[in-house]
Amino acid sequence: MGSCSSQSCQSCFFEYETERMIVVKSKVVGSVFRLIQLLILVYVIGYVCVVQKSYQETDSVISSVTTKVKGTGFTNTSDLGARVWDVADYNIPPQGDSSFFVLTNMIVTPNQTQSTCPELPNQSTICMSDSDCLEGSNDVRGNGIQTGLCMNYKETVKTCEVLSWCPLEIDINLPEHALLAAAEDFTVLIKNSVTYPKFNFHKRNILPDVNSSYLKQCEFNRKTDPYCPIFRLKDVVSEAEEDFQTMAIRGGVLGIMIDWSCDLDWPEHPCGPKYSFRRLDNKIPENNVAPGYNFRFAKYYKTTDGRETRTLIKAYGIRFDVIVFGTAGKFNMVPTIVNLGAALTFLSLVNAVCNWFLLTCTKRRDYYSKHKFTYLDNTDDNAGESLGETTYGTR
Amino acid sequence: MGSCSSQSCQSCFFEYETERMIVVKSKVVGSVFRLIQLLILVYVIGYVCVVQKSYQETDSVISSVTTKVKGTGFTNTSDLGARVWDVADYNIPPQGDSSFFVLTNMIVTPNQTQSTCPELPNQSTICMSDSDCLEGSNDVRGNGIQTGLCMNYKETVKTCEVLSWCPLEIDINLPEHALLAAAEDFTVLIKNSVTYPKFNFHKRNILPDVNSSYLKQCEFNRKTDPYCPIFRLKDVVSEAEEDFQTMAIRGGVLGIMIDWSCDLDWPEHPCGPKYSFRRLDNKIPENNVAPGYNFRFAKYYKTTDGRETRTLIKAYGIRFDVIVFGTAGKFNMVPTIVNLGAALTFLSLVNAVCNWFLLTCTKRRDYYSKHKFTYLDNTDDNAGESLGETTYGTR
Amino acid sequence: MGSCSSQSCQSCFFEYETERMIVVKSKVVGSVFRLIQLLILVYVIGYVCVVQKSYQETDSVISSVTTKVKGTGFTNTSDLGARVWDVADYNIPPQGDSSFFVLTNMIVTPNQTQSTCPELPNQSTICMSDSDCLEGSNDVRGNGIQTGLCMNYKETVKTCEVLSWCPLEIDINLPEHALLAAAEDFTVLIKNSVTYPKFNFHKRNILPDVNSSYLKQCEFNRKTDPYCPIFRLKDVVSEAEEDFQTMAIRGGVLGIMIDWSCDLDWPEHPCGPKYSFRRLDNKIPENNVAPGYNFRFAKYYKTTDGRETRTLIKAYGIRFDVIVFGTAGKFNMVPTIVNLGAALTFLSLVNAVCNWFLLTCTKRRDYYSKHKFTYLDNTDDNAGESLGETTYGTR
């Protein structure tokens, strides 16, 4: 391009410039040159293309999940008597979202009404007389609004009276053996459909080659039934390297991960769900505020005289979060061009390496250097020419 | 660089090396050269920049959705009598999340109590005598805990008795015409606000140029009202190419996709929500375990003598999942540099192609070759020089 | 490569071609050359590597959230009397998902039964006689199914009678001071665990160096306690630059954003949650259909004679959406190669710039040009040779 600057553009347009080269016939230098070229080609083909699939455009998954739990459990407690629990009782929320909860343990406080009762005793609620209690005071860690009275909690302990749902829940006696221990045999059917919008690709975790009689009796097993969408809860927990019965006591959060990473350049079949399981909450007891997983909910009733009562349930259990992730890749020109281009740049580095080798490591380096370089001295115009360099149009 | 190795670094620092070129004045070669250059430029500008927008950095959307369903339905069944259903009855969960459910069909089992009753007859529950039933047995597909007795289910059929919520639900007689068929005229208002945190960009699906009187009476229509956020459920279902009344019988999951893909390099206005609708569950009856979408929930009551009763509802209906996705792109130096750089690499390939053309396809290839290449023979030091190659400093 | 075309491939394989160069010893040209090289190096190291971290592969976060609200509130209304609200009353849904709702204001309609009553008066429901009402008509904006009768709503106003849950809710008298104003002192504990599956990286927002006694009494404060996972609702709202009491009246949606953007090349510690808060719904009253956030839900009761009654609650409150986002970056060969490659391409542009400078801006440009370019004329075969160009093997 530089050579055009002093000429007319028209003639310049059809000029083609190309470098003058020296060709070195040397097995040593040639071998080094070819070897480095080979290494770069192996890198480009092997790592960039095969391992990293850099020729692909990627898209993130969009997913929809429905879940359905099956099974019944039986408890026999002094509060509730003999009682059977079915899915409408223990599955909260009932809608079968991607996140569902199975009740395994609980503290039930029946027949609560809006009334007054002495607070649970602790440092800030124990009182000697009414003057220790402040009417209308409302502690964020308390259970209600203080009435200003000091009442007998037990024979020996007095606490401030509160307006609240009474009797108050006493949540220190959590059953040490989970009430609904039978939940480990419950099963859950997970239906998951995914979309990669960029590639207009849709698929479900119930694969098309699976028939419905299989689905009626199968149970997920990493080795024998890796594509069965029905999971026994105990298996899910033990796949996450936890013990169901231990976890059932205080509850926890368990992730059911479904990985839909797919290579869409190949026929559709190998693109299937890969399940993995991991406990998501912190089970380590140290530095653990409020360990496990629990929440309170209430069932509201009305008595015959129109007063509202409720049964408060502090529910411990396992929340299963179905987490769907993955990226799909498909051949696309732009990343291919970008990655090939970048790799080709490295091919040009081969020359730099070989030139260095040629001009410093070979015996005949001076001879090569002499032919490769033409030194122009800036101080003397004629010097360059008198050194025998033939030039165009001056002789 | 190589030429510096045998000299002092200081003088070397100000040396500038540049290739010696031959300039070929040939219309054929020049045309080929310019044509290939043009093709690459067209590719870079047309495809990389305009089509793929590779000069942009991208970010994924973060979204918040609230929904509000409106409408009332009427049913008249033997179980429940004439009854009006409003949003508090049929919309589960009531909170207006991104996923909401509209009840369309149901099997109601009122007045269940914890008691004993004969199991529903099937292969494993039919019995001849008490010895066929195992006390305490609890099948995951059964409805309760067997008491060990064999009872009359009908006059001709005996089944094992279970402790459960009795009477048991009989879910085989699903109404063939959806009870809440009127749900097709319900409307839902979807409020969606999105954020692209990388670009500090916020927007809502209720566009700023829309006034509230329009919002009070509009209804989404792909052609006439593409930005109205109020959707008639029947339209949503038919946009997904499904029939509402058919889908209402067994339920299903319907995705309301909102695409927020935006090009933020242009003024804000064209960045709006693009709605699309798709059925997410598998409607094909073959290989379909538990087709449709349903779940069970219960309303709990207490009788005057303190016993708990419940009304179990197996709810069939359509779950609408509002799925928000999209990527926004904005000009950024790094992807621009990377993609331009990669494209420029291809410009250097032009030389390889033209050289090949010059040295094999032109008539005067030997003449060009002669000037382009200087062959140095490794075996004889003097040979190279004696072949007339002028060299530096030796004459 | 071109030079090989007329020879045997074997000998060609070990040939090494390299450009012939001219070396210009000129402080001006050398300085320009080195300066531009320096600028590109600064760009590559400074911007691409340090600022944009283009040497990293990135992954998006996968997250699990549980929340737990604490606190009690007190209301005293004519409908409900003195009443204490605890978490089971005001927290909907109770499960402690990533999205939780705190009730702050409400319209309660107790003792609704399925019966008939006159519609709320508006343009379409006011009637003069039965002939103005259509039996069985069901307006999507109405409250029930018209019975065809025209009844006295007030002494002076007649409206069509409907079959519905009666008495109807009158939702125009929303309390102007939020009933559960005390909700501002409630606290919420947010437990969040994140995963970057590509890097097998797991972390929780309760950092490992935090002990449990601190967690029992701390409260999030951007300056003093930036890593405490317990948030006072009033602080959350005011961090989003909103007033809690104003927002509590009509409700709203508030985003608690947790940013987990991490640079995993450095030791783990600095990778922590960064909290930010933003109101997600539109608070501007203009162009705002259905401002705020509310939904209706009902508690169902049965009277002693078996009739169903319900208490309908139109719940206004603040929905808190915990939104977790972020990308983690870690060194990876492919993006490094791609970005370095692209930057190196720009190093080759230096030559183009310097050549232009050398051949147009320097005094001795003709002298340099003469040595750099060898012009071959296409029209005369011998011309080139006679111009003194020495050639290989022809003498």
# chains A, B, ... in the order shown; residues from 1 in each chain; ligands from 1
>>> residues_around(residues="segment 26-39 of chain C", least_positions_apart="2", cutoff="12 Å", atoms="only C-alpha atoms", output="JSON, numbers by chain")
{"A": [375, 376, 377, 378, 379, 380], "B": [10, 11, 12, 13, 14, 15, 16, 17, 18], "C": [23, 24, 41, 42, 43, 44, 45, 46, 47, 343, 344, 345, 346, 347, 348, 349, 350, 351, 352, 353, 354, 355, 356, 357, 358, 359, 360, 361, 362, 363, 364, 365, 368]}
>>> write_last_selection(atoms="N, CA and C atoms", output="short mmCIF file (atom, residue, chain, number, x, y, z; two decimals), in the first residue's frame")
data_model
loop_
_atom_site.label_atom_id
_atom_site.label_comp_id
_atom_site.auth_asym_id
_atom_site.auth_seq_id
_atom_site.Cartn_x
_atom_site.Cartn_y
_atom_site.Cartn_z
N TYR A 375 20.97 -3.81 5.14
CA TYR A 375 21.04 -2.70 6.08
C TYR A 375 21.09 -1.38 5.32
N LEU A 376 20.22 -0.50 5.62
CA LEU A 376 20.25 0.83 5.04
C LEU A 376 20.74 1.78 6.12
N ASP A 377 21.78 2.55 5.76
CA ASP A 377 22.31 3.48 6.75
C ASP A 377 21.65 4.83 6.54
N ASN A 378 21.20 5.41 7.57
CA ASN A 378 20.45 6.65 7.48
C ASN A 378 21.33 7.85 7.18
N THR A 379 22.62 7.73 7.53
CA THR A 379 23.48 8.92 7.47
C THR A 379 24.04 9.18 6.07
N ASP A 380 24.15 8.17 5.25
CA ASP A 380 24.80 8.33 3.94
C ASP A 380 23.91 7.78 2.84
N GLN B 10 21.06 -1.38 22.33
CA GLN B 10 20.72 0.03 22.24
C GLN B 10 20.49 0.48 20.80
N SER B 11 21.43 0.17 19.93
CA SER B 11 21.29 0.60 18.55
C SER B 11 20.15 -0.17 17.90
N CYS B 12 20.00 -1.40 18.34
CA CYS B 12 18.96 -2.28 17.79
C CYS B 12 17.58 -1.74 18.07
N PHE B 13 17.42 -1.04 19.19
CA PHE B 13 16.11 -0.58 19.61
C PHE B 13 15.49 0.37 18.60
N PHE B 14 16.37 1.15 17.92
CA PHE B 14 15.83 2.13 16.98
C PHE B 14 15.87 1.65 15.53
N GLU B 15 16.22 0.38 15.32
CA GLU B 15 16.17 -0.17 13.98
C GLU B 15 14.74 -0.54 13.61
N TYR B 16 14.41 -0.33 12.36
CA TYR B 16 13.09 -0.73 11.92
C TYR B 16 13.24 -1.69 10.75
N GLU B 17 12.64 -2.86 10.89
CA GLU B 17 12.74 -3.86 9.83
C GLU B 17 11.46 -3.86 9.02
N THR B 18 11.59 -3.96 7.71
CA THR B 18 10.38 -4.10 6.90
C THR B 18 10.69 -5.00 5.71
N VAL C 23 16.63 -3.27 6.80
CA VAL C 23 16.71 -2.76 8.16
C VAL C 23 17.04 -1.27 8.07
N VAL C 24 16.16 -0.44 8.58
CA VAL C 24 16.35 1.00 8.52
C VAL C 24 16.87 1.48 9.86
N LEU C 41 0.77 -2.97 23.39
CA LEU C 41 1.04 -3.82 24.55
C LEU C 41 0.30 -3.31 25.78
N VAL C 42 0.30 -1.98 25.97
CA VAL C 42 -0.41 -1.39 27.11
C VAL C 42 -1.90 -1.72 27.02
N TYR C 43 -2.45 -1.59 25.81
CA TYR C 43 -3.86 -1.92 25.62
C TYR C 43 -4.12 -3.38 25.98
N VAL C 44 -3.28 -4.27 25.46
CA VAL C 44 -3.51 -5.70 25.69
C VAL C 44 -3.43 -6.02 27.17
N ILE C 45 -2.33 -5.55 27.79
CA ILE C 45 -2.15 -5.91 29.20
C ILE C 45 -3.14 -5.15 30.07
N GLY C 46 -3.25 -3.84 29.82
CA GLY C 46 -4.06 -3.00 30.71
C GLY C 46 -5.54 -3.25 30.56
N TYR C 47 -6.04 -3.12 29.35
CA TYR C 47 -7.49 -3.17 29.18
C TYR C 47 -8.00 -4.60 29.06
N ALA C 343 -5.21 -9.64 19.67
CA ALA C 343 -4.37 -8.48 19.97
C ALA C 343 -3.09 -8.52 19.14
N LEU C 344 -2.53 -9.72 18.95
CA LEU C 344 -1.31 -9.86 18.16
C LEU C 344 -1.54 -9.42 16.73
N THR C 345 -2.75 -9.71 16.22
CA THR C 345 -3.07 -9.27 14.87
C THR C 345 -2.85 -7.78 14.74
N PHE C 346 -3.18 -7.07 15.82
CA PHE C 346 -3.03 -5.63 15.77
C PHE C 346 -1.56 -5.23 15.76
N LEU C 347 -0.70 -6.08 16.36
CA LEU C 347 0.73 -5.80 16.28
C LEU C 347 1.18 -5.78 14.83
N SER C 348 0.56 -6.63 13.99
CA SER C 348 0.97 -6.66 12.59
C SER C 348 0.51 -5.40 11.86
N LEU C 349 -0.51 -4.73 12.41
CA LEU C 349 -0.94 -3.47 11.82
C LEU C 349 0.11 -2.39 12.02
N VAL C 350 0.95 -2.55 13.07
CA VAL C 350 2.00 -1.59 13.33
C VAL C 350 2.86 -1.43 12.09
N ASN C 351 3.19 -2.56 11.46
CA ASN C 351 4.02 -2.50 10.27
C ASN C 351 3.38 -1.67 9.18
N ALA C 352 2.07 -1.85 8.99
CA ALA C 352 1.38 -1.07 7.96
C ALA C 352 1.52 0.42 8.23
N VAL C 353 1.32 0.79 9.49
CA VAL C 353 1.42 2.21 9.86
C VAL C 353 2.84 2.72 9.65
N CYS C 354 3.84 1.94 10.11
CA CYS C 354 5.23 2.38 10.02
C CYS C 354 5.69 2.45 8.57
N ASN C 355 5.25 1.52 7.75
CA ASN C 355 5.61 1.55 6.34
C ASN C 355 5.08 2.82 5.70
N TRP C 356 3.83 3.14 6.03
CA TRP C 356 3.25 4.35 5.48
C TRP C 356 4.07 5.58 5.92
N PHE C 357 4.44 5.59 7.20
CA PHE C 357 5.24 6.69 7.74
C PHE C 357 6.59 6.76 7.03
N LEU C 358 7.23 5.59 6.88
CA LEU C 358 8.57 5.50 6.29
C LEU C 358 8.56 6.01 4.86
N LEU C 359 7.50 5.66 4.12
CA LEU C 359 7.49 5.91 2.68
C LEU C 359 6.82 7.23 2.29
N THR C 360 6.24 7.92 3.24
CA THR C 360 5.63 9.21 2.90
C THR C 360 6.14 10.36 3.75
N CYS C 361 6.51 10.12 4.96
CA CYS C 361 6.84 11.23 5.86
C CYS C 361 8.34 11.45 6.04
N THR C 362 9.17 10.48 5.72
CA THR C 362 10.61 10.69 5.94
C THR C 362 11.21 11.40 4.73
N LYS C 363 12.34 12.10 4.98
CA LYS C 363 13.03 12.81 3.90
C LYS C 363 13.50 11.83 2.83
N ARG C 364 14.06 10.72 3.24
CA ARG C 364 14.70 9.79 2.32
C ARG C 364 13.72 8.72 1.83
N ARG C 365 12.43 9.06 1.69
CA ARG C 365 11.43 8.07 1.32
C ARG C 365 11.71 7.39 -0.02
N TYR C 368 14.30 4.70 0.53
CA TYR C 368 13.74 3.52 1.20
C TYR C 368 12.85 2.74 0.23
#
>>> residues_around(residues="segment 150-158 of chain B", least_positions_apart="4", cutoff="7 Å", atoms="only C-alpha atoms", output="list of chain:residue names")
B:Pro118, B:Ile126, B:Cys127, B:Met128, B:Ser129, B:Asp130, B:Cys133
>>> write_last_selection(atoms="N, CA, C and O atoms", output="PDB file, in the first residue's frame")
ATOM      1  N   PRO B 118     -62.613 -49.799  53.262  1.00  0.00           N
ATOM      2  CA  PRO B 118     -61.967 -50.740  52.342  1.00  0.00           C
ATOM      3  C   PRO B 118     -61.258 -49.991  51.220  1.00  0.00           C
ATOM      4  O   PRO B 118     -61.760 -48.980  50.736  1.00  0.00           O
ATOM      5  N   ILE B 126     -57.475 -56.548  46.393  1.00  0.00           N
ATOM      6  CA  ILE B 126     -58.614 -57.469  46.486  1.00  0.00           C
ATOM      7  C   ILE B 126     -58.224 -58.656  47.365  1.00  0.00           C
ATOM      8  O   ILE B 126     -57.104 -59.177  47.269  1.00  0.00           O
ATOM      9  N   CYS B 127     -59.135 -59.043  48.251  1.00  0.00           N
ATOM     10  CA  CYS B 127     -58.810 -60.126  49.174  1.00  0.00           C
ATOM     11  C   CYS B 127     -59.991 -61.065  49.317  1.00  0.00           C
ATOM     12  O   CYS B 127     -61.126 -60.732  48.965  1.00  0.00           O
ATOM     13  N   MET B 128     -59.738 -62.259  49.807  1.00  0.00           N
ATOM     14  CA  MET B 128     -60.802 -63.219  50.081  1.00  0.00           C
ATOM     15  C   MET B 128     -61.104 -63.277  51.575  1.00  0.00           C
ATOM     16  O   MET B 128     -62.245 -63.403  51.990  1.00  0.00           O
ATOM     17  N   SER B 129     -60.038 -63.203  52.352  1.00  0.00           N
ATOM     18  CA  SER B 129     -60.221 -63.251  53.807  1.00  0.00           C
ATOM     19  C   SER B 129     -59.165 -62.371  54.456  1.00  0.00           C
ATOM     20  O   SER B 129     -58.264 -61.877  53.789  1.00  0.00           O
ATOM     21  N   ASP B 130     -59.263 -62.220  55.788  1.00  0.00           N
ATOM     22  CA  ASP B 130     -58.316 -61.375  56.509  1.00  0.00           C
ATOM     23  C   ASP B 130     -56.872 -61.802  56.299  1.00  0.00           C
ATOM     24  O   ASP B 130     -55.947 -60.974  56.362  1.00  0.00           O
ATOM     25  N   CYS B 133     -54.630 -59.887  53.954  1.00  0.00           N
ATOM     26  CA  CYS B 133     -54.246 -58.504  54.261  1.00  0.00           C
ATOM     27  C   CYS B 133     -53.221 -58.493  55.388  1.00  0.00           C
ATOM     28  O   CYS B 133     -53.336 -59.258  56.350  1.00  0.00           O
TER      29      CYS B 133
END
>>> select_by_dssp(residues="segment 138-377 of chain B", states="strand (DSSP E or B)", output="PyMOL selection string")
chain B and resi 145-152+158-166+187-196+201-204+221+225+230-232+252-259+262-263+274-279+294-302+308-325+327-331+373-377
>>> residues_around(residues="Val236 of chain B", least_positions_apart="6", cutoff="9 Å", atoms="only C-alpha atoms", output="number ranges by chain")
B: 244, 254, 256, 276-278
>>> write_last_selection(atoms="N, CA, C and O atoms", output="mmCIF file, in the first residue's frame")
data_model
loop_
_atom_site.group_PDB
_atom_site.id
_atom_site.type_symbol
_atom_site.label_atom_id
_atom_site.label_comp_id
_atom_site.auth_asym_id
_atom_site.auth_seq_id
_atom_site.Cartn_x
_atom_site.Cartn_y
_atom_site.Cartn_z
ATOM 1 N N PHE B 244 -58.803 -24.686 24.261
ATOM 2 C CA PHE B 244 -58.950 -24.467 25.694
ATOM 3 C C PHE B 244 -59.820 -25.535 26.334
ATOM 4 O O PHE B 244 -59.477 -26.098 27.379
ATOM 5 N N LEU B 254 -48.819 -24.321 30.415
ATOM 6 C CA LEU B 254 -48.712 -23.454 29.253
ATOM 7 C C LEU B 254 -47.697 -22.350 29.528
ATOM 8 O O LEU B 254 -47.780 -21.659 30.543
ATOM 9 N N ILE B 256 -46.022 -18.826 28.906
ATOM 10 C CA ILE B 256 -46.154 -17.491 28.328
ATOM 11 C C ILE B 256 -44.742 -16.931 28.281
ATOM 12 O O ILE B 256 -44.187 -16.530 29.298
ATOM 13 N N SER B 276 -44.774 -14.845 23.266
ATOM 14 C CA SER B 276 -45.098 -16.044 22.510
ATOM 15 C C SER B 276 -45.623 -17.082 23.485
ATOM 16 O O SER B 276 -45.425 -16.974 24.703
ATOM 17 N N PHE B 277 -46.319 -18.078 22.968
ATOM 18 C CA PHE B 277 -47.045 -19.012 23.819
ATOM 19 C C PHE B 277 -46.778 -20.426 23.336
ATOM 20 O O PHE B 277 -46.782 -20.692 22.137
ATOM 21 N N ARG B 278 -46.566 -21.339 24.275
ATOM 22 C CA ARG B 278 -46.255 -22.706 23.892
ATOM 23 C C ARG B 278 -46.701 -23.652 25.000
ATOM 24 O O ARG B 278 -46.534 -23.359 26.173
#
>>> interface_residues(of="chain B", to="chain C", cutoff="7 Å", atoms="only C-alpha atoms", output="VMD selection string")
chain B and resid 14 to 26 64 70 to 72 83 to 84 88 94 to 96 186 193 210 to 212 215 301 304 334 337 to 338 341 to 342 345 355 to 356 359 369 to 371 374 387 to 389
>>> residues_around(residues="Gln245 of chain B", least_positions_apart="3", cutoff="8 Å", atoms="only C-alpha atoms", output="VMD selection string")
chain B and resid 177 to 178 181 184 248 to 249
>>> select_by_dssp(residues="segment 301-393 of chain C", states="helix (DSSP H, G or I)", output="short mmCIF file (atom, residue, chain, number, x, y, z; two decimals) with N, CA and C atoms, in the first residue's frame")
data_model
loop_
_atom_site.label_atom_id
_atom_site.label_comp_id
_atom_site.auth_asym_id
_atom_site.auth_seq_id
_atom_site.Cartn_x
_atom_site.Cartn_y
_atom_site.Cartn_z
N MET C 333 -7.45 -21.51 28.85
CA MET C 333 -6.60 -21.34 27.68
C MET C 333 -7.33 -20.72 26.50
N VAL C 334 -8.56 -21.20 26.20
CA VAL C 334 -9.20 -20.81 24.95
C VAL C 334 -9.45 -19.30 24.86
N PRO C 335 -10.13 -18.68 25.84
CA PRO C 335 -10.30 -17.23 25.71
C PRO C 335 -8.98 -16.48 25.73
N THR C 336 -7.99 -17.00 26.47
CA THR C 336 -6.69 -16.34 26.49
C THR C 336 -6.08 -16.33 25.10
N ILE C 337 -6.06 -17.50 24.47
CA ILE C 337 -5.50 -17.64 23.13
C ILE C 337 -6.25 -16.73 22.16
N VAL C 338 -7.58 -16.76 22.25
CA VAL C 338 -8.39 -15.99 21.31
C VAL C 338 -8.10 -14.51 21.47
N ASN C 339 -8.05 -14.02 22.69
CA ASN C 339 -7.87 -12.60 22.90
C ASN C 339 -6.44 -12.17 22.62
N LEU C 340 -5.46 -12.99 23.02
CA LEU C 340 -4.07 -12.66 22.70
C LEU C 340 -3.88 -12.67 21.20
N GLY C 341 -4.45 -13.68 20.56
CA GLY C 341 -4.33 -13.80 19.10
C GLY C 341 -4.86 -12.57 18.41
N ALA C 342 -6.05 -12.14 18.86
CA ALA C 342 -6.65 -10.97 18.24
C ALA C 342 -5.80 -9.74 18.48
N ALA C 343 -5.21 -9.64 19.67
CA ALA C 343 -4.37 -8.48 19.97
C ALA C 343 -3.09 -8.52 19.14
N LEU C 344 -2.53 -9.72 18.95
CA LEU C 344 -1.31 -9.86 18.16
C LEU C 344 -1.54 -9.42 16.73
N THR C 345 -2.75 -9.71 16.22
CA THR C 345 -3.07 -9.27 14.87
C THR C 345 -2.85 -7.78 14.74
N PHE C 346 -3.18 -7.07 15.82
CA PHE C 346 -3.03 -5.63 15.77
C PHE C 346 -1.56 -5.23 15.76
N LEU C 347 -0.70 -6.08 16.36
CA LEU C 347 0.73 -5.80 16.28
C LEU C 347 1.18 -5.78 14.83
N SER C 348 0.56 -6.63 13.99
CA SER C 348 0.97 -6.66 12.59
C SER C 348 0.51 -5.40 11.86
N LEU C 349 -0.51 -4.73 12.41
CA LEU C 349 -0.94 -3.47 11.82
C LEU C 349 0.11 -2.39 12.02
N VAL C 350 0.95 -2.55 13.07
CA VAL C 350 2.00 -1.59 13.33
C VAL C 350 2.86 -1.43 12.09
N ASN C 351 3.19 -2.56 11.46
CA ASN C 351 4.02 -2.50 10.27
C ASN C 351 3.38 -1.67 9.18
N ALA C 352 2.07 -1.85 8.99
CA ALA C 352 1.38 -1.07 7.96
C ALA C 352 1.52 0.42 8.23
N VAL C 353 1.32 0.79 9.49
CA VAL C 353 1.42 2.21 9.86
C VAL C 353 2.84 2.72 9.65
N CYS C 354 3.84 1.94 10.11
CA CYS C 354 5.23 2.38 10.02
C CYS C 354 5.69 2.45 8.57
N ASN C 355 5.25 1.52 7.75
CA ASN C 355 5.61 1.55 6.34
C ASN C 355 5.08 2.82 5.70
N TRP C 356 3.83 3.14 6.03
CA TRP C 356 3.25 4.35 5.48
C TRP C 356 4.07 5.58 5.92
N PHE C 357 4.44 5.59 7.20
CA PHE C 357 5.24 6.69 7.74
C PHE C 357 6.59 6.76 7.03
N LEU C 358 7.23 5.59 6.88
CA LEU C 358 8.57 5.50 6.29
C LEU C 358 8.56 6.01 4.86
N LEU C 359 7.50 5.66 4.12
CA LEU C 359 7.49 5.91 2.68
C LEU C 359 6.82 7.23 2.29
N THR C 360 6.24 7.92 3.24
CA THR C 360 5.63 9.21 2.90
C THR C 360 6.14 10.36 3.75
N ARG C 365 12.43 9.06 1.69
CA ARG C 365 11.43 8.07 1.32
C ARG C 365 11.71 7.39 -0.02
N ASP C 366 12.27 8.16 -0.98
CA ASP C 366 12.52 7.54 -2.28
C ASP C 366 13.60 6.47 -2.17
N TYR C 367 14.59 6.80 -1.35
CA TYR C 367 15.69 5.85 -1.14
C TYR C 367 15.16 4.56 -0.48
N TYR C 368 14.30 4.70 0.53
CA TYR C 368 13.74 3.52 1.20
C TYR C 368 12.85 2.74 0.23
N SER C 369 12.04 3.48 -0.53
CA SER C 369 11.10 2.86 -1.44
C SER C 369 11.84 2.01 -2.47
N LYS C 370 12.91 2.58 -2.98
CA LYS C 370 13.74 1.93 -3.98
C LYS C 370 14.23 0.56 -3.48
N HIS C 371 14.60 0.51 -2.22
CA HIS C 371 15.12 -0.74 -1.68
C HIS C 371 14.02 -1.71 -1.28
N LYS C 372 12.90 -1.14 -0.93
CA LYS C 372 11.82 -2.01 -0.45
C LYS C 372 11.12 -2.69 -1.63
N ASP C 381 8.98 -9.28 -20.73
CA ASP C 381 9.66 -10.30 -19.95
C ASP C 381 11.10 -9.94 -19.58
N ASN C 382 11.75 -9.33 -20.49
CA ASN C 382 13.18 -9.10 -20.28
C ASN C 382 13.45 -7.84 -19.49
N ALA C 383 12.50 -6.94 -19.53
CA ALA C 383 12.68 -5.67 -18.86
C ALA C 383 13.12 -5.86 -17.42
N GLY C 384 12.38 -6.70 -16.72
CA GLY C 384 12.68 -6.92 -15.31
C GLY C 384 14.12 -7.35 -15.11
N GLU C 385 14.55 -8.29 -15.93
CA GLU C 385 15.89 -8.83 -15.75
C GLU C 385 16.96 -7.82 -16.13
N SER C 386 16.70 -7.09 -17.19
CA SER C 386 17.72 -6.15 -17.66
C SER C 386 17.91 -5.01 -16.68
#
>>> residues_around(residues="Asp235 of chain C", least_positions_apart="5", cutoff="10 Å", atoms="only C-alpha atoms", output="MDAnalysis selection string")
chainID C and resid 184:185 187 219:222 240:244 277
>>> residues_around(residues="Phe331 of chain A", least_positions_apart="3", cutoff="7 Å", atoms="only C-alpha atoms", output="list in words")
Tyr55, Gln56, Glu57 and Asp265 of chain A
>>> write_last_selection(atoms="C-alpha atoms", output="PDB file, in the first residue's frame")
ATOM      1  CA  TYR A  55     -16.645 -23.514  16.762  1.00  0.00           C
ATOM      2  CA  GLN A  56     -20.036 -23.519  18.466  1.00  0.00           C
ATOM      3  CA  GLU A  57     -22.461 -20.801  19.392  1.00  0.00           C
ATOM      4  CA  ASP A 265     -24.300 -30.753  15.995  1.00  0.00           C
TER       5      ASP A 265
END
>>> atom_distance(atom1="atom CA of Glu239 of chain A", atom2="atom CA of Lys223 of chain A")
12.1 Å
